[in-house]
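These notes concern the structure reproduced below.
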Amino acid sequence: MSATAADLMAYDAALAAYDPALGLEVHVELNTATKMFCGCPTGFGAEPNTQVCPTCLGLPGAMPVVNRVGVESAIRIGLALNCSIAEWCRFARKNYFYPDMPKNFQTSQYDEPIAFDGWMDVVVPAPEGSDAEDEVFRVEIERAHMEEDTGKSTHIGETGRIHGADYSLVDYNRAGIPLIEIVTKPIRGAGERAPEVARAYVQQLRDLIVALGVSEARMDQGNLRADVNLSLAPSGSDVLGTRTETKNVNSFRSVERAVRYEVQRHAAVLSSGGAILQETRHWHEDTGITTSGREKSDAEDYRYFPEPDLVPVAPSREWVEELRATLPENPTAKRARLQAAWGYSDLEMRDVVGAGALPLVEETVEAGASPQSARKWWLSELARRANDTGVDLVDLGVTPAQVAGVQALVDAGTINDKLARQVFDGLLAGEGSPEEIVEKRGLAVVSDDGALGAAVDKAIEANPDVAEKIRGGKVAAAGALIGAVMKEMRGQADAGRVRELILEKLPVVE
Amino acid sequence: MPDRPSDTAGVITRDEVAHLAVLARIDLDDAELDHLAPQLSVILESVASIQGVAGDDVPPTSHPMPLTNVFREDVVEPSLTAEQALSGAPEAEEQRFAVPRILGDEQ
């Protein structure tokens, strides 16, 4: 497999000549205690092949039985996406020969998904720096269906990948964990904003899944996986072009980057008279490119047929209405409510939403921090670190409770904002709670007058001209002395108290 | 995106049986293929004749019993041990099932 970049057309030129059509398939791994069709546990990180039984190993004679909570979660996701819920539907066997499923088929749904024909209104933030309004883009949902996850393969050989491997090792702990696959209808008309629409959709879908409480929904741990379908048609044409399906897109920003890359790649191929191959592409996070996987054309006959070992699911309308009553607040209404409660400006709210920080800020405020301090930490200090390491904010590894803990230490005067940054260093390095890090790293600010007084005296002595100005009434000059004291104290001084001490020691001479 | 379910009616060729045997990891020699391909054809023809009897007013039956909504509660039950799970595996390594090279076989 070649990992070299393909020819690309400049993005603006590509959009001038072609209209992109998107399709997004998102797999959500549910957080049920047990698998979809057997009672094996679903915990992450267990020893290989210790969460398996005859059913999920596909042993002869084993009989699957559907997990009630899996069905409930599927219906709740469907309802939250404004879908119709099937009155009667079946599971189907999706047959394929690949050792990640020991049965040689995946139990899925075929032409009778449990939920279908829905929509989600996606708020696409206005471009940064623009004073345009946020745009609401309606994404139509084709279906949401129930299926099961596959096992995990490790490929043994020089390459460490499936290509060129000598053989492979399989752990079936993950095989059979419930998945809900959510498929959009073709998304057209997004134009140059297609990459942002794709990102905003996945981000908002994740927020919805989190609010429903049906999955951990962490992209970096594979609880939420996005496949991005993209095709281009000549501008103004009604016909959909040939699509490619890009897999392995494991962060919000990668969704955006992958769409942009494929738009540029398709445009380069089409404009030079070439044809797009209908195929699976693999996204490479490190290099930001896609490479060809298997061709889809003839590999796709899965010989679906109804699963005879599982009886049909026929959710009564009463059950569906009971589940509808458990749905969380509509995300748009919730956003308006939180903005009012927090006193954020439109711009502040947009920045929080755009950074994918809404649930994080909400939890931080719930944990006791003020809305402004919660926003400040997530959008400045932590967003910068997430950006530096190329992960989404939610996957950075700092929890809302920890952020609230840091702010509590600032509010108590134990540390200042500058020292708080070092506490975040400690949190990311796994050094314990904010209090423990302050203790271990010796970060508490000094407000003891003895130590501060000595430092202030030293600063006055070293800067006689500044001291003279303050005595002469130029109190603003105290800033230079505060800076000298903070340097002496390695930043660990209570700046307010330092200022008071300086002014006490240097009374203005009338 | 799902495709059409395949149509199983009709005669199966010797080459198709050989291909299926490779996919199913069943080692068939030439004599066995000569013997089995015509037998499978007879079975498929018999099934096809049943399809001929069912009119358009008879929907395909997937579940003979009129049961729906048979669920388990979401309660953990004991799993097998890794030793038990791997006891039937032809090859195992690092507590995992060892399987032949996935890509490269003619499939």
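Identifiers in this document derive from the order of the structure tokens: chains are assigned A, B, ..., residues are numbered from 1 separately in each chain, and ligands are numbered from 1 in order of occurrence.
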
Within 10 Å of chain A, which residues of chain B show up? Give each one with its shortest atom-to-atom distance in Å (one decimal) and the two atoms involved, counting only C-alpha atoms, rows by chain then rising residue number, as CSV.
```
residue,atom,partner,partner_atom,distance
B:Met1,CA,A:Tyr110,CA,8.8
B:Pro2,CA,A:Tyr110,CA,6.3
B:Asp3,CA,A:Asp301,CA,6.4
B:Arg4,CA,A:Arg303,CA,7.6
B:Pro5,CA,A:Arg303,CA,5.0
B:Ser6,CA,A:Arg303,CA,5.4
B:Asp7,CA,A:Arg303,CA,8.6
B:Thr8,CA,A:Arg303,CA,9.5
B:Leu23,CA,A:Phe97,CA,6.6
B:Ala24,CA,A:Phe97,CA,7.9
B:Arg25,CA,A:Phe97,CA,9.9
B:Thr61,CA,A:Pro306,CA,9.4
B:Ser62,CA,A:Pro308,CA,6.0
B:His63,CA,A:Pro308,CA,6.1
B:Pro64,CA,A:Pro308,CA,9.1
B:Met65,CA,A:Val311,CA,8.6
B:Pro66,CA,A:Val311,CA,8.5
B:Leu67,CA,A:Val311,CA,6.2
B:Thr68,CA,A:Pro312,CA,5.0
B:Asn69,CA,A:Val313,CA,5.0
B:Val70,CA,A:Val311,CA,6.7
B:Phe71,CA,A:Val66,CA,4.9
B:Arg72,CA,A:Asn67,CA,5.0
B:Glu73,CA,A:Arg68,CA,5.8
B:Asp74,CA,A:Thr34,CA,5.8
B:Val75,CA,A:Gly39,CA,6.4
B:Val76,CA,A:Gly39,CA,4.9
B:Glu77,CA,A:Gly39,CA,4.8
B:Pro78,CA,A:Cys40,CA,6.8
B:Ser79,CA,A:Cys53,CA,5.2
B:Leu80,CA,A:Cys53,CA,5.4
B:Thr81,CA,A:Thr50,CA,5.5
B:Ala82,CA,A:Thr50,CA,5.1
B:Glu83,CA,A:Asn49,CA,8.7
B:Gln84,CA,A:Cys53,CA,9.2
B:Ala85,CA,A:Asn49,CA,6.9
B:Leu86,CA,A:Asn49,CA,8.1
B:Gly88,CA,A:Leu59,CA,9.8
B:Glu91,CA,A:Leu169,CA,9.5
B:Ala92,CA,A:Leu169,CA,7.7
B:Glu93,CA,A:Leu169,CA,7.1
B:Glu94,CA,A:Leu169,CA,8.1
B:Gln95,CA,A:Pro48,CA,6.1
B:Arg96,CA,A:Val170,CA,5.2
B:Phe97,CA,A:Val170,CA,5.0
B:Ala98,CA,A:Leu169,CA,4.5
B:Val99,CA,A:Ser168,CA,5.3
B:Pro100,CA,A:Tyr167,CA,4.9
B:Arg101,CA,A:Tyr167,CA,4.2
B:Ile102,CA,A:Tyr167,CA,7.1
B:Leu103,CA,A:His163,CA,6.7
B:Gly104,CA,A:His163,CA,8.4
B:Gln107,CA,A:Phe97,CA,8.8
```

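Within the 7 Å cut-off around Asp19 in chain A, using only C-alpha atoms and omitting residues fewer than 6 positions from it on the same chain, the listed residues are Gly191, Leu232, Ala233, Pro234 and Ser235 of chain A.
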
Create the file for the chosen residues now, containing N, CA and C atoms and written as a PDB file, in the first residue's frame.
```pdb
ATOM      1  N   GLY A 191     -21.933  22.951  -0.117  1.00  0.00           N
ATOM      2  CA  GLY A 191     -20.916  23.710  -0.854  1.00  0.00           C
ATOM      3  C   GLY A 191     -19.577  23.702  -0.146  1.00  0.00           C
ATOM      4  N   LEU A 232     -18.327  14.004  -5.775  1.00  0.00           N
ATOM      5  CA  LEU A 232     -18.434  15.329  -6.390  1.00  0.00           C
ATOM      6  C   LEU A 232     -19.255  15.219  -7.662  1.00  0.00           C
ATOM      7  N   ALA A 233     -20.064  16.237  -7.906  1.00  0.00           N
ATOM      8  CA  ALA A 233     -20.769  16.343  -9.178  1.00  0.00           C
ATOM      9  C   ALA A 233     -20.408  17.696  -9.773  1.00  0.00           C
ATOM     10  N   PRO A 234     -20.382  17.793 -11.112  1.00  0.00           N
ATOM     11  CA  PRO A 234     -20.103  19.103 -11.714  1.00  0.00           C
ATOM     12  C   PRO A 234     -21.109  20.122 -11.183  1.00  0.00           C
ATOM     13  N   SER A 235     -20.671  21.352 -10.942  1.00  0.00           N
ATOM     14  CA  SER A 235     -21.556  22.369 -10.390  1.00  0.00           C
ATOM     15  C   SER A 235     -22.856  22.437 -11.178  1.00  0.00           C
TER      16      SER A 235
END
```

If we count only C-alpha atoms, what is near Glu435 in chain A at a cut-off of 12 Å, once residues fewer than 4 positions away on the same chain are taken out, given as a PDB file with C-alpha atoms, in the first residue's frame?
```pdb
ATOM      1  CA  GLN A 402     -10.477  18.658  37.773  1.00  0.00           C
ATOM      2  CA  VAL A 403     -10.929  22.007  36.038  1.00  0.00           C
ATOM      3  CA  ALA A 404     -13.439  23.028  38.696  1.00  0.00           C
ATOM      4  CA  GLY A 405     -10.923  21.874  41.324  1.00  0.00           C
ATOM      5  CA  VAL A 406      -8.185  24.057  39.844  1.00  0.00           C
ATOM      6  CA  GLN A 407     -10.510  27.064  39.759  1.00  0.00           C
ATOM      7  CA  ALA A 408     -11.500  26.429  43.384  1.00  0.00           C
ATOM      8  CA  LEU A 409      -7.809  26.650  44.329  1.00  0.00           C
ATOM      9  CA  VAL A 410      -7.536  29.939  42.421  1.00  0.00           C
ATOM     10  CA  ALA A 412      -9.257  30.319  47.513  1.00  0.00           C
ATOM     11  CA  THR A 414      -3.949  29.032  47.044  1.00  0.00           C
ATOM     12  CA  ILE A 415      -2.658  29.441  43.497  1.00  0.00           C
ATOM     13  CA  ALA A 420      -2.763  26.931  37.589  1.00  0.00           C
ATOM     14  CA  VAL A 423      -1.297  22.297  37.798  1.00  0.00           C
ATOM     15  CA  PHE A 424      -2.701  21.421  34.343  1.00  0.00           C
ATOM     16  CA  GLY A 426       0.582  17.907  36.426  1.00  0.00           C
ATOM     17  CA  LEU A 427      -2.938  16.731  35.615  1.00  0.00           C
ATOM     18  CA  GLU A 431       0.261  13.307  38.996  1.00  0.00           C
ATOM     19  CA  GLU A 439       1.395  19.927  47.301  1.00  0.00           C
ATOM     20  CA  LYS A 440       3.877  17.753  45.391  1.00  0.00           C
ATOM     21  CA  ARG A 441       5.131  20.508  43.126  1.00  0.00           C
ATOM     22  CA  GLY A 442       5.181  23.102  45.909  1.00  0.00           C
ATOM     23  CA  LEU A 443       3.020  25.470  43.870  1.00  0.00           C
ATOM     24  CA  ALA A 444       1.037  27.275  46.574  1.00  0.00           C
TER      25      ALA A 444
END
```

Sel. of helix (DSSP H, G or I) residues, range 33-212 of chain A, as a ChimeraX atom specification: /A:68-80,191-212

Residues of the last selection are to be written out with N, CA and C atoms, as a tab-separated table (two decimals), in the first residue's frame.
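Just written: part26.tsv:
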```tsv
chain	number	residue	atom	x	y	z
A	68	ARG	N	-32.38	-6.38	26.09
A	68	ARG	CA	-33.48	-5.40	26.11
A	68	ARG	C	-32.97	-3.95	26.10
A	69	VAL	N	-31.91	-3.71	26.88
A	69	VAL	CA	-31.40	-2.34	26.98
A	69	VAL	C	-30.80	-1.88	25.64
A	70	GLY	N	-30.23	-2.85	24.89
A	70	GLY	CA	-29.71	-2.51	23.57
A	70	GLY	C	-30.81	-1.99	22.66
A	71	VAL	N	-31.97	-2.67	22.71
A	71	VAL	CA	-33.11	-2.24	21.88
A	71	VAL	C	-33.63	-0.89	22.37
A	72	GLU	N	-33.72	-0.73	23.68
A	72	GLU	CA	-34.21	0.55	24.22
A	72	GLU	C	-33.30	1.71	23.80
A	73	SER	N	-31.99	1.47	23.88
A	73	SER	CA	-31.04	2.53	23.49
A	73	SER	C	-31.21	2.87	22.01
A	74	ALA	N	-31.39	1.83	21.19
A	74	ALA	CA	-31.57	2.06	19.75
A	74	ALA	C	-32.82	2.90	19.50
A	75	ILE	N	-33.90	2.57	20.19
A	75	ILE	CA	-35.15	3.32	20.00
A	75	ILE	C	-34.97	4.77	20.47
A	76	ARG	N	-34.31	4.95	21.62
A	76	ARG	CA	-34.12	6.31	22.14
A	76	ARG	C	-33.25	7.14	21.19
A	77	ILE	N	-32.20	6.53	20.63
A	77	ILE	CA	-31.38	7.25	19.65
A	77	ILE	C	-32.25	7.62	18.44
A	78	GLY	N	-33.05	6.66	17.97
A	78	GLY	CA	-33.93	6.93	16.83
A	78	GLY	C	-34.88	8.07	17.11
A	79	LEU	N	-35.50	8.06	18.27
A	79	LEU	CA	-36.46	9.12	18.62
A	79	LEU	C	-35.75	10.47	18.72
A	80	ALA	N	-34.56	10.47	19.31
A	80	ALA	CA	-33.83	11.74	19.46
A	80	ALA	C	-33.43	12.30	18.10
A	191	GLY	N	-21.93	22.95	-0.12
A	191	GLY	CA	-20.92	23.71	-0.85
A	191	GLY	C	-19.58	23.70	-0.15
A	192	GLU	N	-18.97	24.88	-0.11
A	192	GLU	CA	-17.61	24.96	0.46
A	192	GLU	C	-17.60	24.66	1.95
A	193	ARG	N	-18.77	24.69	2.57
A	193	ARG	CA	-18.79	24.43	4.01
A	193	ARG	C	-19.01	22.95	4.33
A	194	ALA	N	-18.96	22.09	3.32
A	194	ALA	CA	-19.18	20.66	3.54
A	194	ALA	C	-18.29	20.08	4.65
A	195	PRO	N	-16.99	20.41	4.68
A	195	PRO	CA	-16.16	19.84	5.76
A	195	PRO	C	-16.66	20.26	7.15
A	196	GLU	N	-17.09	21.52	7.27
A	196	GLU	CA	-17.56	22.00	8.58
A	196	GLU	C	-18.91	21.40	8.95
A	197	VAL	N	-19.76	21.20	7.93
A	197	VAL	CA	-21.06	20.56	8.19
A	197	VAL	C	-20.83	19.14	8.71
A	198	ALA	N	-19.90	18.44	8.06
A	198	ALA	CA	-19.61	17.06	8.48
A	198	ALA	C	-19.13	17.04	9.92
A	199	ARG	N	-18.22	17.93	10.25
A	199	ARG	CA	-17.68	17.97	11.60
A	199	ARG	C	-18.77	18.34	12.61
A	200	ALA	N	-19.56	19.36	12.27
A	200	ALA	CA	-20.59	19.83	13.20
A	200	ALA	C	-21.64	18.73	13.43
A	201	TYR	N	-21.95	17.98	12.38
A	201	TYR	CA	-22.91	16.88	12.52
A	201	TYR	C	-22.39	15.83	13.49
A	202	VAL	N	-21.15	15.39	13.29
A	202	VAL	CA	-20.61	14.33	14.15
A	202	VAL	C	-20.50	14.85	15.60
A	203	GLN	N	-20.08	16.10	15.73
A	203	GLN	CA	-19.94	16.70	17.06
A	203	GLN	C	-21.29	16.79	17.77
A	204	GLN	N	-22.30	17.24	17.04
A	204	GLN	CA	-23.63	17.39	17.65
A	204	GLN	C	-24.25	16.03	17.93
A	205	LEU	N	-23.97	15.07	17.04
A	205	LEU	CA	-24.47	13.71	17.27
A	205	LEU	C	-23.84	13.15	18.54
A	206	ARG	N	-22.56	13.40	18.72
A	206	ARG	CA	-21.90	12.93	19.93
A	206	ARG	C	-22.52	13.57	21.18
A	207	ASP	N	-22.76	14.87	21.12
A	207	ASP	CA	-23.38	15.54	22.27
A	207	ASP	C	-24.73	14.91	22.59
A	208	LEU	N	-25.46	14.57	21.53
A	208	LEU	CA	-26.78	13.95	21.72
A	208	LEU	C	-26.65	12.58	22.37
A	209	ILE	N	-25.68	11.79	21.91
A	209	ILE	CA	-25.46	10.45	22.46
A	209	ILE	C	-25.06	10.55	23.94
A	210	VAL	N	-24.21	11.53	24.25
A	210	VAL	CA	-23.79	11.73	25.64
A	210	VAL	C	-25.01	12.11	26.49
A	211	ALA	N	-25.84	13.02	25.95
A	211	ALA	CA	-27.02	13.45	26.70
A	211	ALA	C	-27.98	12.29	26.93
A	212	LEU	N	-28.04	11.37	25.96
A	212	LEU	CA	-28.91	10.20	26.11
A	212	LEU	C	-28.33	9.20	27.11
```

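CA of Val11 in chain B is found 12.5 Å from CA of Leu36 in chain B.
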
Residue neighbourhood Glu45 in chain B, 10 Å, only C-alpha atoms, exclusion window fewer than 2 positions, as an MDAnalysis selection string: chainID B and resid 8:12 39:43 47:51

So that I have them on file, write out the residues from the current selection with N, CA and C atoms, as a PDB file, in the first residue's frame.
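again03.pdb, written as the output of this step:
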```
ATOM      1  N   THR B   8     -30.666 -17.833  -4.352  1.00  0.00           N
ATOM      2  CA  THR B   8     -29.979 -19.113  -4.186  1.00  0.00           C
ATOM      3  C   THR B   8     -30.463 -20.169  -5.178  1.00  0.00           C
ATOM      4  N   ALA B   9     -31.480 -19.821  -5.929  1.00  0.00           N
ATOM      5  CA  ALA B   9     -32.010 -20.823  -6.855  1.00  0.00           C
ATOM      6  C   ALA B   9     -31.035 -21.070  -7.990  1.00  0.00           C
ATOM      7  N   GLY B  10     -31.117 -22.258  -8.583  1.00  0.00           N
ATOM      8  CA  GLY B  10     -30.323 -22.532  -9.770  1.00  0.00           C
ATOM      9  C   GLY B  10     -29.219 -23.527  -9.513  1.00  0.00           C
ATOM     10  N   VAL B  11     -28.548 -23.867 -10.560  1.00  0.00           N
ATOM     11  CA  VAL B  11     -27.533 -24.914 -10.487  1.00  0.00           C
ATOM     12  C   VAL B  11     -26.202 -24.297 -10.074  1.00  0.00           C
ATOM     13  N   ILE B  12     -25.474 -25.019  -9.271  1.00  0.00           N
ATOM     14  CA  ILE B  12     -24.175 -24.530  -8.818  1.00  0.00           C
ATOM     15  C   ILE B  12     -23.084 -25.253  -9.597  1.00  0.00           C
ATOM     16  N   GLN B  39     -24.358 -33.104  -6.312  1.00  0.00           N
ATOM     17  CA  GLN B  39     -25.288 -33.293  -5.184  1.00  0.00           C
ATOM     18  C   GLN B  39     -25.857 -31.950  -4.718  1.00  0.00           C
ATOM     19  N   LEU B  40     -24.971 -30.944  -4.612  1.00  0.00           N
ATOM     20  CA  LEU B  40     -25.441 -29.616  -4.183  1.00  0.00           C
ATOM     21  C   LEU B  40     -26.425 -29.048  -5.197  1.00  0.00           C
ATOM     22  N   SER B  41     -26.162 -29.342  -6.477  1.00  0.00           N
ATOM     23  CA  SER B  41     -27.073 -28.863  -7.516  1.00  0.00           C
ATOM     24  C   SER B  41     -28.466 -29.454  -7.325  1.00  0.00           C
ATOM     25  N   VAL B  42     -28.504 -30.717  -7.010  1.00  0.00           N
ATOM     26  CA  VAL B  42     -29.801 -31.374  -6.797  1.00  0.00           C
ATOM     27  C   VAL B  42     -30.532 -30.715  -5.630  1.00  0.00           C
ATOM     28  N   ILE B  43     -29.792 -30.436  -4.563  1.00  0.00           N
ATOM     29  CA  ILE B  43     -30.420 -29.809  -3.379  1.00  0.00           C
ATOM     30  C   ILE B  43     -30.985 -28.440  -3.771  1.00  0.00           C
ATOM     31  N   VAL B  47     -34.911 -27.068  -3.708  1.00  0.00           N
ATOM     32  CA  VAL B  47     -35.369 -25.850  -3.033  1.00  0.00           C
ATOM     33  C   VAL B  47     -36.084 -24.947  -4.036  1.00  0.00           C
ATOM     34  N   ALA B  48     -35.517 -24.862  -5.241  1.00  0.00           N
ATOM     35  CA  ALA B  48     -36.116 -24.011  -6.265  1.00  0.00           C
ATOM     36  C   ALA B  48     -37.525 -24.483  -6.611  1.00  0.00           C
ATOM     37  N   SER B  49     -37.738 -25.805  -6.572  1.00  0.00           N
ATOM     38  CA  SER B  49     -39.065 -26.312  -6.920  1.00  0.00           C
ATOM     39  C   SER B  49     -40.094 -25.892  -5.881  1.00  0.00           C
ATOM     40  N   ILE B  50     -39.649 -25.746  -4.594  1.00  0.00           N
ATOM     41  CA  ILE B  50     -40.571 -25.252  -3.559  1.00  0.00           C
ATOM     42  C   ILE B  50     -40.945 -23.805  -3.848  1.00  0.00           C
ATOM     43  N   GLN B  51     -39.935 -23.036  -4.308  1.00  0.00           N
ATOM     44  CA  GLN B  51     -40.235 -21.640  -4.651  1.00  0.00           C
ATOM     45  C   GLN B  51     -41.279 -21.574  -5.754  1.00  0.00           C
TER      46      GLN B  51
END
```

Point-to-point distance from CA of Met101 in chain A to CA of Asn250 in chain A, Å rounded to tenths: 22.1 Å

DSSP strand (DSSP E) residues within range 83-287 of chain A, as a VMD selection string: chain A and resid 84 to 85 92 to 95 105 to 108 115 to 124 135 to 148 152 to 156 167 to 171 178 to 184 224 to 234 244 to 249 279 to 284

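Across the model, the gap from CA of Val26 in chain A to CA of Ser231 in chain A is 17.7 Å.
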
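If you count only C-alpha atoms and ignore residues fewer than 3 places along the chain from Trp119 in chain A, what sits within 8 Å of it is Leu81, Asn82, Cys83, Arg138, Val139, Glu140 and Ile141 of chain A.
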
Contacts of Tyr11 in chain A at 9 Å (only C-alpha atoms; same-chain gap of 4+ positions) as a PyMOL selection string: chain A and resi 15-16+192+260-261+263-264+267

Can you write just those residues out, C-alpha atoms, as a PDB file, in the first residue's frame?
```pdb
ATOM      1  CA  LEU A  15     -15.490  24.114  -5.109  1.00  0.00           C
ATOM      2  CA  ALA A  16     -15.794  26.445  -8.093  1.00  0.00           C
ATOM      3  CA  GLU A 192     -17.612  24.964   0.456  1.00  0.00           C
ATOM      4  CA  ARG A 260     -11.560  18.533   2.628  1.00  0.00           C
ATOM      5  CA  TYR A 261      -8.832  16.163   1.462  1.00  0.00           C
ATOM      6  CA  VAL A 263     -12.853  16.992  -2.155  1.00  0.00           C
ATOM      7  CA  GLN A 264      -9.431  18.122  -3.342  1.00  0.00           C
ATOM      8  CA  ALA A 267     -11.474  17.250  -8.035  1.00  0.00           C
TER       9      ALA A 267
END
```
